[in-house]
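Visitor: What follows is work-v5.txt; its format and atoms are compact mmCIF, C-alpha atoms.
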```
# COMPACT_ATOMS: atom_id res chain seq x y z
CA MET A 1 41.26 -88.89 -22.02
CA PRO A 2 38.39 -90.79 -23.70
CA THR A 3 38.91 -94.05 -25.53
CA ALA A 4 38.46 -93.91 -29.28
CA SER A 5 35.28 -95.98 -29.13
CA ALA A 6 33.70 -93.33 -26.90
CA VAL A 7 34.63 -90.39 -29.13
CA PRO A 8 31.71 -89.04 -31.18
CA LEU A 9 32.14 -88.07 -34.82
CA SER A 10 30.72 -84.90 -36.32
CA VAL A 11 30.57 -83.43 -39.83
CA LEU A 12 32.11 -80.26 -41.24
CA ASP A 13 30.64 -79.38 -44.63
CA LEU A 14 31.90 -76.77 -47.09
CA SER A 15 29.19 -77.33 -49.73
CA PRO A 16 31.79 -78.21 -52.38
CA VAL A 17 30.74 -77.55 -55.97
CA PRO A 18 31.49 -80.52 -58.24
CA ALA A 19 32.88 -79.70 -61.68
CA GLY A 20 30.01 -79.33 -64.13
CA GLN A 21 27.39 -78.63 -61.45
CA SER A 22 25.91 -75.50 -59.91
CA ALA A 23 26.03 -73.91 -56.47
CA GLY A 24 22.40 -74.90 -56.09
CA ASN A 25 23.35 -78.56 -56.55
CA ALA A 26 26.07 -78.18 -53.93
CA LEU A 27 23.76 -76.58 -51.37
CA ARG A 28 21.03 -79.16 -51.88
CA ASN A 29 23.72 -81.83 -51.47
CA SER A 30 24.65 -80.31 -48.11
CA ILE A 31 21.08 -80.53 -46.88
CA ASP A 32 20.82 -84.13 -48.09
CA LEU A 33 24.12 -84.98 -46.39
CA ALA A 34 22.88 -83.51 -43.11
CA VAL A 35 19.80 -85.72 -43.20
CA ALA A 36 21.98 -88.75 -43.90
CA ALA A 37 24.46 -87.81 -41.15
CA GLU A 38 21.65 -87.54 -38.62
CA GLY A 39 20.42 -91.02 -39.50
CA LEU A 40 23.94 -92.43 -39.28
CA GLY A 41 24.52 -91.15 -35.74
CA TYR A 42 26.88 -88.23 -36.31
CA HIS A 43 26.75 -85.77 -33.42
CA ARG A 44 26.88 -82.38 -35.15
CA PHE A 45 26.63 -80.91 -38.63
CA TRP A 46 28.71 -77.77 -38.94
CA LEU A 47 28.94 -75.36 -41.86
CA ALA A 48 32.00 -73.42 -42.89
CA GLU A 49 32.27 -69.86 -44.20
CA HIS A 50 34.27 -69.32 -47.38
CA HIS A 51 34.08 -66.41 -49.83
CA LEU A 52 34.90 -65.90 -53.52
CA ASN A 53 35.62 -69.57 -54.19
CA PRO A 54 34.18 -70.98 -57.45
CA GLY A 55 34.31 -74.49 -56.01
CA VAL A 56 32.75 -73.80 -52.59
CA ALA A 57 29.13 -72.69 -52.16
CA GLY A 58 29.25 -72.44 -48.35
CA SER A 59 29.54 -68.67 -47.96
CA ALA A 60 26.46 -67.95 -45.82
CA PRO A 61 26.52 -70.43 -42.91
CA HIS A 62 23.75 -68.70 -40.96
CA VAL A 63 21.31 -69.06 -43.84
CA LEU A 64 22.40 -72.61 -44.63
CA SER A 65 22.16 -73.56 -40.94
CA ALA A 66 18.49 -72.60 -41.07
CA LEU A 67 17.90 -74.83 -44.09
CA VAL A 68 19.75 -77.75 -42.48
CA ALA A 69 17.97 -77.37 -39.15
CA ALA A 70 14.61 -77.33 -40.93
CA ALA A 71 15.44 -80.58 -42.74
CA THR A 72 16.64 -82.44 -39.61
CA ARG A 73 15.26 -83.20 -36.17
CA THR A 74 17.95 -84.14 -33.66
CA ILE A 75 21.47 -83.49 -34.94
CA ARG A 76 23.19 -80.37 -33.62
CA VAL A 77 23.64 -77.69 -36.30
CA GLY A 78 26.01 -74.76 -36.35
CA THR A 79 28.85 -72.75 -37.83
CA ALA A 80 32.53 -73.62 -37.94
CA ALA A 81 33.08 -70.93 -38.03
CA THR A 82 31.25 -67.63 -38.12
CA ILE A 83 34.08 -65.32 -39.14
CA LEU A 84 33.88 -62.34 -36.81
CA GLY A 85 34.82 -59.14 -38.54
CA ASN A 86 32.64 -60.06 -41.49
CA TYR A 87 29.63 -59.13 -39.34
CA ARG A 88 28.77 -56.85 -36.46
CA PRO A 89 28.23 -58.75 -33.18
CA LEU A 90 24.58 -57.69 -33.07
CA GLN A 91 23.97 -59.26 -36.49
CA VAL A 92 25.48 -62.55 -35.34
CA ALA A 93 23.39 -62.61 -32.17
CA GLU A 94 20.19 -61.87 -34.04
CA ASN A 95 20.86 -64.39 -36.81
CA ILE A 96 21.82 -67.27 -34.54
CA GLY A 97 19.31 -66.21 -31.90
CA THR A 98 16.56 -66.54 -34.49
CA LEU A 99 17.61 -70.11 -35.23
CA ALA A 100 18.09 -71.02 -31.58
CA ALA A 101 14.61 -69.74 -30.76
CA VAL A 102 13.06 -72.01 -33.40
CA TYR A 103 15.39 -74.98 -32.80
CA PRO A 104 16.27 -74.83 -29.07
CA GLU A 105 18.98 -77.11 -27.70
CA ARG A 106 20.35 -77.84 -31.19
CA LEU A 107 22.34 -74.76 -32.22
CA ASP A 108 26.12 -74.29 -32.06
CA LEU A 109 27.87 -70.99 -32.76
CA GLY A 110 31.55 -71.26 -33.59
CA PHE A 111 33.68 -68.12 -33.64
CA GLY A 112 36.56 -67.70 -36.07
CA ARG A 113 39.19 -64.96 -35.94
CA SER A 114 40.11 -63.21 -39.17
CA GLY A 115 41.53 -60.02 -40.61
CA GLN A 116 44.80 -58.22 -40.12
CA PRO A 117 46.14 -57.52 -36.64
CA SER A 118 47.54 -54.04 -36.12
CA MET A 119 50.95 -55.58 -35.39
CA PRO A 120 51.33 -58.90 -37.25
CA ALA A 121 53.07 -61.51 -35.12
CA ALA A 122 56.16 -63.25 -36.44
CA ASP A 123 55.39 -66.76 -37.64
CA SER A 124 57.06 -69.93 -36.47
CA THR A 125 59.76 -69.76 -39.14
CA GLY A 126 60.56 -66.10 -38.68
CA ALA A 127 60.29 -65.51 -42.43
CA GLY A 128 56.97 -65.11 -44.15
CA ARG A 129 53.53 -66.52 -43.44
CA THR A 130 53.25 -70.26 -43.00
CA THR A 131 50.47 -72.70 -42.39
CA ALA A 132 50.96 -71.80 -38.74
CA GLU A 133 48.83 -68.78 -39.65
CA PRO A 134 46.79 -69.72 -42.73
CA ALA A 135 45.87 -66.72 -44.82
CA SER A 136 42.55 -68.38 -45.57
CA ALA A 137 41.74 -68.10 -41.88
CA VAL A 138 43.43 -64.75 -41.23
CA TYR A 139 41.57 -63.11 -44.09
CA GLY A 140 38.20 -64.65 -43.46
CA SER A 141 37.80 -67.52 -45.93
CA GLY A 142 36.97 -69.91 -43.22
CA ALA A 143 38.60 -73.46 -44.10
CA GLY A 144 41.82 -82.41 -46.06
CA ALA A 145 52.45 -95.96 -50.08
CA GLY A 146 53.43 -95.00 -46.44
CA GLY A 147 56.90 -93.80 -45.69
CA ALA A 148 58.75 -93.98 -42.41
CA GLY A 149 59.66 -91.38 -39.85
CA ALA A 150 62.99 -90.91 -38.15
CA ASP A 151 61.90 -93.30 -35.43
CA GLY A 152 60.87 -95.92 -37.97
CA THR A 153 57.16 -95.48 -37.30
CA ALA A 154 55.00 -96.01 -40.38
CA LEU A 155 53.52 -92.80 -41.70
CA HIS A 156 50.05 -92.30 -43.11
CA ALA A 157 51.53 -90.52 -46.10
CA GLY A 158 50.66 -90.59 -49.75
CA SER A 159 47.19 -92.03 -49.20
CA ALA A 160 45.56 -89.43 -51.41
CA GLY A 161 46.82 -91.12 -54.55
CA ALA A 162 47.88 -89.06 -57.56
CA GLY A 163 50.07 -86.12 -56.67
CA ALA A 164 51.01 -87.42 -53.22
CA PRO A 165 54.71 -87.18 -52.34
CA ALA A 166 56.43 -90.54 -51.98
CA GLN A 167 58.21 -89.59 -48.75
CA PRO A 168 57.36 -87.24 -45.89
CA ASP A 169 59.34 -84.02 -46.02
CA GLU A 170 62.17 -82.87 -43.81
CA GLY A 171 60.90 -81.48 -40.54
CA ALA A 172 57.93 -83.84 -40.31
CA ARG A 173 57.49 -85.87 -37.15
CA VAL A 174 55.32 -88.70 -35.95
CA VAL A 175 53.52 -88.37 -32.62
CA ASP A 176 51.63 -91.43 -31.36
CA GLY A 177 51.27 -92.64 -34.95
CA LEU A 178 50.08 -89.25 -36.27
CA LEU A 179 52.01 -87.47 -39.00
CA VAL A 180 52.70 -83.86 -38.04
CA PRO A 181 54.25 -82.23 -41.11
CA ALA A 182 56.55 -79.25 -41.26
CA ALA A 183 54.95 -75.81 -41.47
CA ARG A 184 54.45 -74.37 -44.94
CA ARG A 185 54.97 -70.85 -46.21
CA LEU A 186 51.89 -69.81 -48.14
CA PHE A 187 52.34 -66.27 -49.41
CA ASN A 188 54.99 -63.59 -49.36
CA SER A 189 54.40 -60.07 -48.06
CA VAL A 190 51.92 -59.29 -50.86
CA LEU A 191 48.65 -61.20 -50.53
CA PRO A 192 46.92 -62.58 -53.62
CA ARG A 193 44.33 -60.28 -55.12
CA LYS A 194 41.48 -62.58 -54.01
CA PHE A 195 42.19 -61.89 -50.35
CA ARG A 196 42.64 -58.16 -50.85
CA LEU A 197 39.40 -57.95 -52.85
CA GLN A 198 37.56 -60.05 -50.31
CA ALA A 199 38.67 -57.79 -47.48
CA GLU A 200 37.51 -54.75 -49.43
CA LEU A 201 34.10 -56.19 -50.26
CA LEU A 202 33.50 -57.31 -46.67
CA GLY A 203 34.54 -53.95 -45.25
CA ARG A 204 37.60 -55.28 -43.46
CA GLU A 205 40.23 -52.86 -42.18
CA PRO A 206 43.80 -53.33 -40.93
CA GLY A 207 43.76 -53.97 -37.21
CA ASP A 208 40.23 -55.37 -37.01
CA ALA A 209 41.55 -58.78 -35.94
CA ASP A 210 42.42 -57.10 -32.65
CA ASN A 211 38.67 -56.83 -31.96
CA PHE A 212 38.17 -60.59 -31.83
CA GLU A 213 37.97 -60.96 -28.05
CA SER A 214 35.66 -57.99 -27.59
CA ASP A 215 33.42 -59.18 -30.45
CA VAL A 216 33.15 -62.66 -28.92
CA GLN A 217 32.32 -61.16 -25.54
CA ASP A 218 29.70 -58.87 -27.09
CA VAL A 219 27.95 -61.72 -28.93
CA ILE A 220 27.87 -63.85 -25.80
CA GLY A 221 26.69 -60.86 -23.79
CA PHE A 222 23.74 -60.33 -26.14
CA PHE A 223 22.62 -63.88 -25.40
CA THR A 224 23.24 -63.87 -21.66
CA GLY A 225 22.12 -60.32 -20.92
CA GLY A 226 25.59 -59.27 -19.87
CA PHE A 227 26.15 -56.75 -22.66
CA ARG A 228 26.36 -53.07 -21.74
CA THR A 229 26.96 -50.09 -23.98
CA ARG A 230 29.93 -47.84 -23.29
CA HIS A 231 27.50 -45.69 -21.31
CA GLY A 232 26.44 -48.65 -19.17
CA GLU A 233 23.08 -49.10 -20.86
CA LYS A 234 21.59 -52.60 -20.86
CA ILE A 235 20.41 -53.86 -24.25
CA THR A 236 17.81 -56.54 -24.91
CA VAL A 237 18.40 -58.39 -28.17
CA THR A 238 15.33 -60.22 -29.36
CA PRO A 239 15.25 -63.16 -29.98
CA ALA A 240 18.75 -63.90 -28.66
CA ARG A 241 17.84 -63.55 -24.99
CA GLY A 242 16.83 -66.87 -23.47
CA THR A 243 17.94 -68.99 -26.44
CA THR A 244 21.67 -69.48 -25.84
CA PRO A 245 23.47 -71.74 -28.34
CA GLN A 246 26.60 -73.68 -27.47
CA PHE A 247 29.56 -71.38 -28.10
CA TRP A 248 32.83 -72.61 -29.63
CA ILE A 249 36.08 -70.97 -30.65
CA HIS A 250 38.03 -72.38 -33.59
CA GLY A 251 41.70 -71.90 -34.34
CA SER A 252 44.67 -73.19 -36.30
CA THR A 253 47.57 -72.02 -34.14
CA ALA A 254 48.82 -71.64 -30.59
CA GLY A 255 47.60 -68.06 -30.81
CA PRO A 256 44.83 -65.70 -29.69
CA SER A 257 41.94 -68.03 -30.54
CA ALA A 258 43.29 -70.96 -28.54
CA ARG A 259 44.10 -68.73 -25.59
CA LEU A 260 40.73 -67.01 -25.62
CA ALA A 261 38.86 -70.33 -25.75
CA GLY A 262 40.78 -71.38 -22.66
CA LYS A 263 40.33 -68.07 -20.87
CA LEU A 264 36.54 -68.13 -21.38
CA GLY A 265 36.21 -71.84 -20.60
CA LEU A 266 34.68 -72.62 -24.01
CA PRO A 267 35.16 -75.74 -26.16
CA PHE A 268 37.86 -75.43 -28.82
CA GLY A 269 37.95 -76.61 -32.43
CA ALA A 270 41.47 -77.38 -33.72
CA ASN A 271 42.19 -77.71 -37.44
CA TYR A 272 44.29 -80.71 -38.41
CA HIS A 273 42.83 -80.70 -41.90
CA VAL A 274 43.76 -77.05 -42.57
CA SER A 275 46.97 -76.68 -40.59
CA PRO A 276 48.27 -80.12 -39.56
CA ALA A 277 51.67 -78.72 -38.63
CA THR A 278 50.29 -76.75 -35.70
CA VAL A 279 47.43 -78.85 -34.36
CA LEU A 280 49.29 -80.20 -31.33
CA ASP A 281 50.56 -76.77 -30.36
CA SER A 282 47.12 -75.17 -30.67
CA VAL A 283 45.50 -77.84 -28.50
CA ALA A 284 48.26 -77.56 -25.89
CA GLU A 285 47.90 -73.77 -25.79
CA TYR A 286 44.16 -74.05 -25.25
CA ARG A 287 44.57 -76.52 -22.41
CA ALA A 288 47.33 -74.47 -20.79
CA HIS A 289 45.04 -71.43 -20.62
CA PHE A 290 41.81 -73.21 -19.74
CA LYS A 291 39.75 -71.89 -16.83
CA PRO A 292 36.59 -73.70 -15.70
CA SER A 293 33.38 -71.90 -16.56
CA ALA A 294 29.63 -72.32 -16.37
CA ALA A 295 29.89 -73.98 -19.79
CA LEU A 296 32.74 -76.40 -19.05
CA ALA A 297 34.46 -77.79 -16.00
CA GLU A 298 37.30 -79.27 -18.08
CA PRO A 299 38.78 -78.58 -21.53
CA TYR A 300 36.86 -79.99 -24.50
CA VAL A 301 38.46 -80.29 -27.93
CA THR A 302 37.25 -81.36 -31.34
CA VAL A 303 39.86 -81.91 -34.06
CA SER A 304 39.10 -81.86 -37.78
CA ALA A 305 40.29 -84.38 -40.35
CA ASP A 306 39.97 -84.57 -44.13
CA VAL A 307 38.66 -88.07 -44.88
CA LEU A 308 37.54 -90.14 -47.86
CA VAL A 309 36.37 -93.73 -47.35
CA ALA A 310 35.35 -96.24 -50.00
CA ASP A 311 34.76 -99.99 -50.13
CA ASP A 312 38.49 -100.57 -50.67
CA GLY A 313 41.68 -98.57 -50.78
CA GLN A 314 42.09 -98.49 -54.54
CA THR A 315 38.55 -97.25 -55.06
CA ALA A 316 39.09 -94.56 -52.44
CA ARG A 317 42.28 -93.39 -54.15
CA THR A 318 40.51 -93.27 -57.50
CA LEU A 319 37.63 -91.25 -56.09
CA GLY A 320 40.10 -89.01 -54.27
CA ALA A 321 41.79 -87.91 -57.48
CA GLY A 322 41.60 -84.16 -57.92
CA TYR A 323 42.36 -83.36 -54.31
CA ALA A 324 45.92 -82.12 -54.94
CA ALA A 325 44.67 -79.83 -57.69
CA TRP A 326 41.83 -78.59 -55.48
CA VAL A 327 44.21 -77.81 -52.58
CA HIS A 328 46.65 -76.18 -55.01
CA SER A 329 43.95 -73.78 -56.19
CA ILE A 330 43.32 -72.78 -52.56
CA ARG A 331 46.95 -72.52 -51.52
CA THR A 332 47.91 -70.34 -54.50
CA GLY A 333 45.25 -67.83 -53.47
CA HIS A 334 43.06 -68.13 -56.56
CA GLY A 335 40.15 -69.74 -54.73
CA ALA A 336 38.98 -73.34 -54.72
CA ILE A 337 38.21 -74.73 -58.16
CA PRO A 338 35.09 -76.85 -58.71
CA TYR A 339 36.07 -80.31 -57.50
CA PRO A 340 37.32 -82.35 -60.48
CA ALA A 341 35.72 -85.57 -61.66
CA PRO A 342 37.93 -88.65 -61.11
CA SER A 343 38.49 -88.95 -64.87
CA ASP A 344 40.17 -85.52 -64.85
CA GLY A 345 41.50 -85.53 -61.31
CA GLY A 346 44.60 -87.62 -61.90
CA ARG A 347 45.75 -85.41 -64.75
CA LEU A 348 45.08 -82.23 -62.77
CA ASP A 349 46.82 -83.65 -59.71
CA ALA A 350 49.90 -84.41 -61.79
CA GLN A 351 49.94 -80.84 -63.08
CA ALA A 352 49.43 -79.41 -59.60
CA ALA A 353 52.27 -81.50 -58.18
CA ALA A 354 54.74 -80.87 -61.02
CA PRO A 355 58.16 -80.33 -59.42
CA GLU A 356 59.04 -77.41 -61.69
CA THR A 357 56.15 -75.38 -60.27
CA GLY A 358 57.24 -75.77 -56.67
CA ALA A 359 53.73 -76.98 -55.91
CA PRO A 360 54.65 -80.20 -54.06
CA ASP A 361 56.10 -78.16 -51.21
CA LEU A 362 53.01 -75.94 -51.18
CA ILE A 363 50.43 -78.72 -50.91
CA ARG A 364 52.20 -81.75 -49.54
CA ASP A 365 51.23 -81.23 -45.88
CA ARG A 366 47.53 -81.47 -46.77
CA VAL A 367 47.99 -84.27 -49.28
CA GLU A 368 49.98 -86.33 -46.78
CA THR A 369 47.50 -85.82 -43.95
CA ARG A 370 44.30 -86.65 -45.81
CA PHE A 371 42.99 -90.03 -44.66
CA VAL A 372 41.98 -91.99 -47.76
CA GLY A 373 41.24 -95.72 -47.89
CA GLY A 374 38.96 -98.45 -46.66
CA ALA A 375 36.94 -97.95 -43.50
CA ALA A 376 39.22 -99.94 -41.19
CA GLN A 377 42.35 -98.13 -42.37
CA VAL A 378 40.80 -94.68 -42.01
CA ALA A 379 39.33 -95.52 -38.61
CA ASP A 380 42.81 -96.50 -37.41
CA GLN A 381 44.19 -93.18 -38.65
CA LEU A 382 41.43 -91.31 -36.85
CA ARG A 383 42.23 -93.19 -33.65
CA ASP A 384 45.85 -92.05 -33.99
CA LEU A 385 44.62 -88.48 -34.41
CA GLN A 386 42.41 -88.76 -31.34
CA HIS A 387 45.15 -90.36 -29.27
CA ALA A 388 47.80 -87.81 -30.26
CA THR A 389 45.56 -84.80 -29.59
CA GLY A 390 43.44 -86.16 -26.73
CA ALA A 391 40.36 -84.90 -28.58
CA GLN A 392 36.96 -85.51 -27.03
CA GLU A 393 35.38 -85.39 -30.51
CA LEU A 394 36.49 -85.64 -34.15
CA LEU A 395 35.18 -83.47 -36.97
CA ILE A 396 35.10 -85.14 -40.38
CA THR A 397 35.13 -83.27 -43.68
CA THR A 398 34.87 -85.18 -46.95
CA ILE A 399 35.32 -83.84 -50.48
CA ALA A 400 34.48 -85.87 -53.59
CA HIS A 401 33.08 -85.11 -57.01
CA ASN A 402 30.05 -87.37 -56.75
CA HIS A 403 27.64 -86.65 -53.91
CA ARG A 404 26.75 -90.34 -53.58
CA HIS A 405 30.41 -91.11 -52.91
CA ARG A 406 30.51 -88.49 -50.16
CA VAL A 407 27.44 -89.96 -48.48
CA ARG A 408 28.86 -93.48 -48.89
CA SER A 409 32.10 -92.38 -47.23
CA TYR A 410 30.22 -91.19 -44.16
CA GLU A 411 28.13 -94.38 -44.14
CA LEU A 412 31.17 -96.67 -44.20
CA LEU A 413 32.97 -94.68 -41.51
CA ALA A 414 29.90 -94.60 -39.25
CA ALA A 415 29.56 -98.39 -39.48
CA GLU A 416 33.26 -98.96 -38.77
CA TRP A 417 33.29 -96.49 -35.87
CA GLY A 418 30.18 -98.01 -34.33
CA LEU A 419 27.93 -94.95 -34.41
CA ALA A 420 24.34 -95.54 -33.41
```
Output the file's structure in the form of structure tokens.
Guide:
Amino acid sequence: MPTASAVPLSVLDLSPVPAGQSAGNALRNSIDLAVAAEGLGYHRFWLAEHHLNPGVAGSAPHVLSALVAAATRTIRVGTAATILGNYRPLQVAENIGTLAAVYPERLDLGFGRSGQPSMPAADSTGAGRTTAEPASAVYGSGAGAGGAGADGTALHAGSAGAGAPAQPDEGARVVDGLLVPAARRLFNSVLPRKFRLQAELLGREPGDADNFESDVQDVIGFFTGGFRTRHGEKITVTPARGTTPQFWIHGSTAGPSARLAGKLGLPFGANYHVSPATVLDSVAEYRAHFKPSAALAEPYVTVSADVLVADDGQTARTLGAGYAAWVHSIRTGHGAIPYPAPSDGGRLDAQAAAPETGAPDLIRDRVETRFVGGAAQVADQLRDLQHATGAQELLITTIAHNHRHRVRSYELLAAEWGLA
């Protein structure tokens, strides 16, 4: 297991749309952030795939990857993740193959599973969907004062400021200093209209999640030359052949994605920022199923974290206002709202966390596990995350209303972490 000082940091960007600004502003901000991240020494710049969200412009990661790669020179660029089922495998291979041909040795292709399985598995609670199986992932949308645990260990809870619960909830635990909250039920048996409409517009069908493994194998086969039609015919996919990116599989649970990443000997991306309740289980499942491959001799894990760093803790909490409201808009199935300005964020957070709405239970796992504060404090929290998960890399995502504050957050963290 690497020491924290040896663990590289990478960036996951959603192209968040600040309140009062346009999608064009958000996308240009992403390109600017990638240039800054490269100069600061971050290892990768990955782009998420989200659909029908007013507050997220990152819906076409293949196109945006091309823009980011053109604006940078050395940082690795890729998708986290390309949601299979939203595309045919040939489209993915041609899109990413085009980029890899122009920018060799810099492209990453992350696979994400989505859609409805033909026989939905029971979740960890046995009653309804929980954050152990986030609907945002299952249906193809993609993707942030301390208390004390039962063992008396200080928790990194409530750091997001307004709307943060004062105490960790029942069922939470602390592992090597890391808060692992209880799983959360998101929706009942009827999905919000946004997800049903999204599935319709993307041509999704019940049972298409069962194609995940074969789709991954087909995409890889187009790059390696191993693909054969059902009649045994060999297919050459130009320009994918000879320009292989680094393949990743991303997942939120100890489920099919984690197992497939292990089976194929691919690196695995685990989502603490989306599903903190299940991160340890997903990483353990991946390692338990890992088989050495031409790509990897040993398991390799990156773990995501939602982070906001400022010059001091109070400033970070002020800039972080609006996060509870933003998460609430996602968790209720309406789609992410444009990220509120700090002047409105506190008020919106208070509304989102009003006890009478039941919202605190819906959002508290993400509010409690967002790392917000000065650089030293956040770096310590990230070291706990790395130590608890054994991650070889950490993936940082930062949401703020002002783009300058986002860039400043990455600057402060890079300096504290000792990036080149």
Visitor: A:Asp218, A:Arg259, A:Leu178, A:Leu264: which is nearest Gln381 in chain A, counting only C-alpha atoms?
Guide: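 Once distances to Gln381 in chain A are computed over only C-alpha atoms, the minimum belongs to A:Leu178.
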Visitor: Kindly extract all protein, DNA and RNA residues lying within 12 Å of the coordinates (19.8, -87.5, -35.7) given in the file, considering all atoms listed in the file, and supply them as a short mmCIF file (atom, residue, chain, number, x, y, z; two decimals) with C-alpha atoms, keeping the file's coordinate frame.
Guide:
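Saved as out28.cif:
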```
data_model
loop_
_atom_site.label_atom_id
_atom_site.label_comp_id
_atom_site.auth_asym_id
_atom_site.auth_seq_id
_atom_site.Cartn_x
_atom_site.Cartn_y
_atom_site.Cartn_z
CA SER A 10 30.72 -84.90 -36.32
CA LEU A 33 24.12 -84.98 -46.39
CA ALA A 34 22.88 -83.51 -43.11
CA VAL A 35 19.80 -85.72 -43.20
CA ALA A 36 21.98 -88.75 -43.90
CA ALA A 37 24.46 -87.81 -41.15
CA GLU A 38 21.65 -87.54 -38.62
CA GLY A 39 20.42 -91.02 -39.50
CA LEU A 40 23.94 -92.43 -39.28
CA GLY A 41 24.52 -91.15 -35.74
CA TYR A 42 26.88 -88.23 -36.31
CA HIS A 43 26.75 -85.77 -33.42
CA ARG A 44 26.88 -82.38 -35.15
CA PHE A 45 26.63 -80.91 -38.63
CA VAL A 68 19.75 -77.75 -42.48
CA ALA A 69 17.97 -77.37 -39.15
CA ALA A 71 15.44 -80.58 -42.74
CA THR A 72 16.64 -82.44 -39.61
CA ARG A 73 15.26 -83.20 -36.17
CA THR A 74 17.95 -84.14 -33.66
CA ILE A 75 21.47 -83.49 -34.94
CA ARG A 76 23.19 -80.37 -33.62
CA VAL A 77 23.64 -77.69 -36.30
CA ARG A 106 20.35 -77.84 -31.19
CA LEU A 419 27.93 -94.95 -34.41
CA ALA A 420 24.34 -95.54 -33.41
#
```
Visitor: Around (40.2, -88.0, -61.7), as given in the file, which residues come within 8 Å? Count only C-alpha atoms and list them as a PyMOL selection string.
Guide: chain A and resi 318-322+340-348
Visitor: Looking at A:Val216, A:Gly97, A:Gly177, A:Ser118, which one is nearest to Ile83 in chain A, with distances taken over all atoms listed in the file?
Guide: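 That would be A:Val216, the residue with the smallest distance to Ile83 in chain A.
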Visitor: Mind giving me the straight-line distance from CA of Pro276 in chain A to CA of Ala305 in chain A in Å, one decimal?
Guide: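 Interatomic distance here is 9.1 Å.
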Visitor: In Å, with one decimal, what is the gap from CA of Phe195 in chain A to CA of His62 in chain A?
Guide: 21.8 Å
Visitor: What does the structure give for the distance between CA of Leu308 in chain A and CA of Ser257 in chain A, in Å to one decimal?
Guide: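 Pair CA of Leu308 in chain A / CA of Ser257 in chain A returns 28.4 Å.
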Visitor: Would you mind listing what lies within 12 Å of Gly418 in chain A as a list in words, with all atoms listed in the file counted and same-chain residues fewer than 5 positions away left out?
Guide: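 My list of contacting residues is Ala4, Ser5, Ala6, Val7, Pro8, Leu9, Leu40, Gly41, Tyr42, Ala375, Ala376, Ala379, Tyr410, Glu411, Leu412 and Leu413 of chain A.
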Visitor: Keeping C-alpha atoms for every residue in the selection just given, could you write it to a file as a PDB file, in the frame of the given file?
Guide:
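Generated output (selection.pdb):
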```
ATOM      1  CA  ALA A   4      38.460 -93.910 -29.280  1.00  0.00           C
ATOM      2  CA  SER A   5      35.280 -95.980 -29.130  1.00  0.00           C
ATOM      3  CA  ALA A   6      33.700 -93.330 -26.900  1.00  0.00           C
ATOM      4  CA  VAL A   7      34.630 -90.390 -29.130  1.00  0.00           C
ATOM      5  CA  PRO A   8      31.710 -89.040 -31.180  1.00  0.00           C
ATOM      6  CA  LEU A   9      32.140 -88.070 -34.820  1.00  0.00           C
ATOM      7  CA  LEU A  40      23.940 -92.430 -39.280  1.00  0.00           C
ATOM      8  CA  GLY A  41      24.520 -91.150 -35.740  1.00  0.00           C
ATOM      9  CA  TYR A  42      26.880 -88.230 -36.310  1.00  0.00           C
ATOM     10  CA  ALA A 375      36.940 -97.950 -43.500  1.00  0.00           C
ATOM     11  CA  ALA A 376      39.220 -99.940 -41.190  1.00  0.00           C
ATOM     12  CA  ALA A 379      39.330 -95.520 -38.610  1.00  0.00           C
ATOM     13  CA  TYR A 410      30.220 -91.190 -44.160  1.00  0.00           C
ATOM     14  CA  GLU A 411      28.130 -94.380 -44.140  1.00  0.00           C
ATOM     15  CA  LEU A 412      31.170 -96.670 -44.200  1.00  0.00           C
ATOM     16  CA  LEU A 413      32.970 -94.680 -41.510  1.00  0.00           C
TER      17      LEU A 413
END
```
Visitor: Pick out the closest residue to Ala182 in chain A from this set: A:Val17, A:Ala100, A:Ile363, A:Ala388. Count all atoms listed in the file.
Guide: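 Closest to Ala182 in chain A of all the choices is A:Ile363.
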Visitor: Taking into account only C-alpha atoms, which residue in the set A:Ala336, A:Val279, A:Val102, A:Ala60 is nearest to Thr389 in chain A?
Guide: A:Val279
Visitor: For a quick check of understanding, using all atoms listed in the file, which of A:Ala81, A:Ala295, A:Leu47, A:Val274 has the smallest distance to Ser114 in chain A?
Guide: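 Going through A:Ala81, A:Ala295, A:Leu47, A:Val274 one by one, the smallest distance to Ser114 in chain A is for A:Ala81.
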Visitor: Pick out the closest residue to Ile396 in chain A from this set: A:Val303, A:Arg408, A:Gly333, A:Thr82. Count all atoms listed in the file.
Guide: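 Under the stated criterion, the closest residue is A:Val303.
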Visitor: Within 6 Å of Gly374 in chain A, counting all atoms listed in the file, which residues qualify if same-chain residues fewer than 2 places away don't, as a PyMOL selection string?
Guide: chain A and resi 309-313+376-377
Visitor: At a cut-off of 10 Å, using all atoms listed in the file, what residues contact Pro54 in chain A? Leave out same-chain residues fewer than 3 positions from it and give the result as JSON, numbers by chain.
Guide: {"A": [16, 17, 18, 19, 22, 23, 51, 57, 334, 335, 336, 337, 338, 339]}
Visitor: For the residues in that selection, give me C-alpha atoms as a short mmCIF file (atom, residue, chain, number, x, y, z; two decimals), in the frame of the given file.
Guide:
```
data_model
loop_
_atom_site.label_atom_id
_atom_site.label_comp_id
_atom_site.auth_asym_id
_atom_site.auth_seq_id
_atom_site.Cartn_x
_atom_site.Cartn_y
_atom_site.Cartn_z
CA PRO A 16 31.79 -78.21 -52.38
CA VAL A 17 30.74 -77.55 -55.97
CA PRO A 18 31.49 -80.52 -58.24
CA ALA A 19 32.88 -79.70 -61.68
CA SER A 22 25.91 -75.50 -59.91
CA ALA A 23 26.03 -73.91 -56.47
CA HIS A 51 34.08 -66.41 -49.83
CA ALA A 57 29.13 -72.69 -52.16
CA HIS A 334 43.06 -68.13 -56.56
CA GLY A 335 40.15 -69.74 -54.73
CA ALA A 336 38.98 -73.34 -54.72
CA ILE A 337 38.21 -74.73 -58.16
CA PRO A 338 35.09 -76.85 -58.71
CA TYR A 339 36.07 -80.31 -57.50
#
```
